[in-house]
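Worksheet: one structure, shown below.
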Amino acid sequence: MLRVLVTFAPVAGLLTLTPGATTALVVRNALRGGRRHAFLTTSGSSMGVLVWGCCAAAGVAALVAASSSAFDVIKLVGAVVLVVMGLRSLLGSGHLGSGAAPSAPSLVSDRRALRDGLITSLANPKLAVFFVALFPQFVPRGTPVLPATLAMVGVLVSFDLIWYSVLAALVSRAKRRFVEGRWARRVERLTGAVLVGLGVRLALERR
């Protein structure tokens, strides 16, 4: 098991650092609601990764990967989610966080931040294909598959939580020092455009 984790850790690190929809979401929510919302987005995304990883360990993800219809449906749902969140940023729905104490509306925003991260991961069928293709390569012959797969999922989730928490802290600090006001709005629009682009790419992408 230790050999599996040592071999898999560098790959997990590279996967975590690769920019994608979660990166854009964390940046956007760090600008809107500060470190708290970005961390909740990260937590939601990690929960989705954990679900797909457990499904891969149980064999469910293999069924999704093998079914073109299921893959396409989940892919289109994910594309719609990304485009809607991107348009919300581009059109100015919501507001940039000011660091005030949490209120009823901010609690709703907290739930939305968590939900955004979770739905973005769950609506990404490429995770199912990816996990089913990746995990077996790191399980030596004779090693119990289920514990090894769950251990690799744990490594991925841990790396995600660490990296995106650091990213959230950096963006929050940069927002306070450099991008308050109109610059913050420009950055939010940029991340919105990135989300729309990722959604369109996902919708048009073939397996």
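Convention: chains lettered A, B, ... in structure tokens order; per-chain residue numbering from 1; ligands numbered from 1 as shown.
Using only C-alpha atoms, the protein and nucleic acid residues lying no more than 9 Å from A:Ala151, apart from those fewer than 4 places from it along its own chain, are Met1, Val4, Leu5, Leu146, Pro147, Val155 and Leu156 of chain A.
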Just the selected residues (N, CA and C atoms), exported as a CSV table (one decimal), in the first residue's frame, please.
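For reference, out-v5.csv as written:
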chain,number,residue,atom,x,y,z
A,1,MET,N,0.8,-1.2,0.0
A,1,MET,CA,0.0,0.0,0.0
A,1,MET,C,0.9,1.3,0.0
A,4,VAL,N,2.1,1.9,-3.4
A,4,VAL,CA,1.1,2.5,-4.3
A,4,VAL,C,1.0,4.0,-4.0
A,5,LEU,N,1.0,4.4,-2.8
A,5,LEU,CA,0.8,5.9,-2.5
A,5,LEU,C,2.0,6.7,-2.9
A,146,LEU,N,-9.7,-2.5,-3.8
A,146,LEU,CA,-10.6,-1.6,-3.1
A,146,LEU,C,-9.8,-0.7,-2.1
A,147,PRO,N,-9.0,-1.2,-1.2
A,147,PRO,CA,-8.3,-0.4,-0.3
A,147,PRO,C,-7.3,0.5,-1.0
A,155,VAL,N,-5.6,10.6,-1.3
A,155,VAL,CA,-4.5,11.4,-1.7
A,155,VAL,C,-4.9,12.6,-2.5
A,156,LEU,N,-5.8,12.2,-3.6
A,156,LEU,CA,-6.3,13.3,-4.5
A,156,LEU,C,-7.1,14.3,-3.7
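Comparing A:Pro144, A:Trp163, A:Ile119, A:Pro19 by their smallest distance to A:Val81, the closest is A:Ile119 (using only C-alpha atoms).
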- prompt: If you count only C-alpha atoms, which residues fall within 8 Å of A:Ser172, apart from same-chain ones fewer than 5 positions away, as a PyMOL selection string?
  reply: chain A and resi 30-31+34-35
C-alpha atoms of the current selection, written as a short mmCIF file (atom, residue, chain, number, x, y, z; two decimals), in the first residue's frame:
data_model
loop_
_atom_site.label_atom_id
_atom_site.label_comp_id
_atom_site.auth_asym_id
_atom_site.auth_seq_id
_atom_site.Cartn_x
_atom_site.Cartn_y
_atom_site.Cartn_z
CA ALA A 30 -12.59 34.02 -3.52
CA LEU A 31 -13.26 37.37 -5.22
CA GLY A 34 -13.36 35.75 0.24
CA ARG A 35 -11.44 32.78 1.53
#
field: Selection: 8 Å around A:Ala24, only C-alpha atoms, excl. self and same-chain fewer than 4 positions, as a ChimeraX atom specification
entry: /A:19-20,28,191-192,194-195
task: Would you mind reading off the distance between atom CA of A:Gly53 and atom CA of A:Leu114, one decimal, in Å?
output: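 Taking atom CA of A:Gly53 and atom CA of A:Leu114, their separation equals 18.7 Å.
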What are the closest atom pairs, with distances in Å to one decimal, for each residue of stretch 6-45 of chain A lying within 12 Å of stretch 122-142 of chain A, using only C-alpha atoms, rows by chain and rising residue number, as a Markdown table?
| residue | atom | partner | partner_atom | distance |
| --- | --- | --- | --- | --- |
| A:Val6 | CA | A:Phe138 | CA | 9.9 |
| A:Thr7 | CA | A:Phe138 | CA | 7.2 |
| A:Phe8 | CA | A:Phe138 | CA | 6.6 |
| A:Ala9 | CA | A:Phe138 | CA | 10.4 |
| A:Pro10 | CA | A:Phe138 | CA | 11.9 |
| A:Val11 | CA | A:Leu134 | CA | 9.9 |
| A:Ala12 | CA | A:Leu134 | CA | 10.5 |
| A:Leu15 | CA | A:Phe130 | CA | 11.0 |
| A:Gly20 | CA | A:Asn124 | CA | 11.4 |
| A:Ala21 | CA | A:Asn124 | CA | 9.9 |
| A:Thr22 | CA | A:Asn124 | CA | 11.0 |
| A:Gly44 | CA | A:Leu122 | CA | 9.6 |
| A:Ser45 | CA | A:Leu122 | CA | 8.2 |
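The environment of A:Cys54 within 12 Å, counting only C-alpha atoms and disregarding residues fewer than 2 places along the same chain, consists of A:Met47, A:Gly48, A:Val49, A:Leu50, A:Val51, A:Trp52, A:Ala56, A:Ala57, A:Ala58, A:Gly59, A:Val60, A:Ala61, A:Ala62, A:Leu127, A:Ala128, A:Phe131, A:Val132, A:Phe135, A:Val145, A:Leu146, A:Pro147, A:Ala148, A:Thr149, A:Leu150, A:Ala151, A:Met152, A:Val153, A:Gly154, A:Val157.
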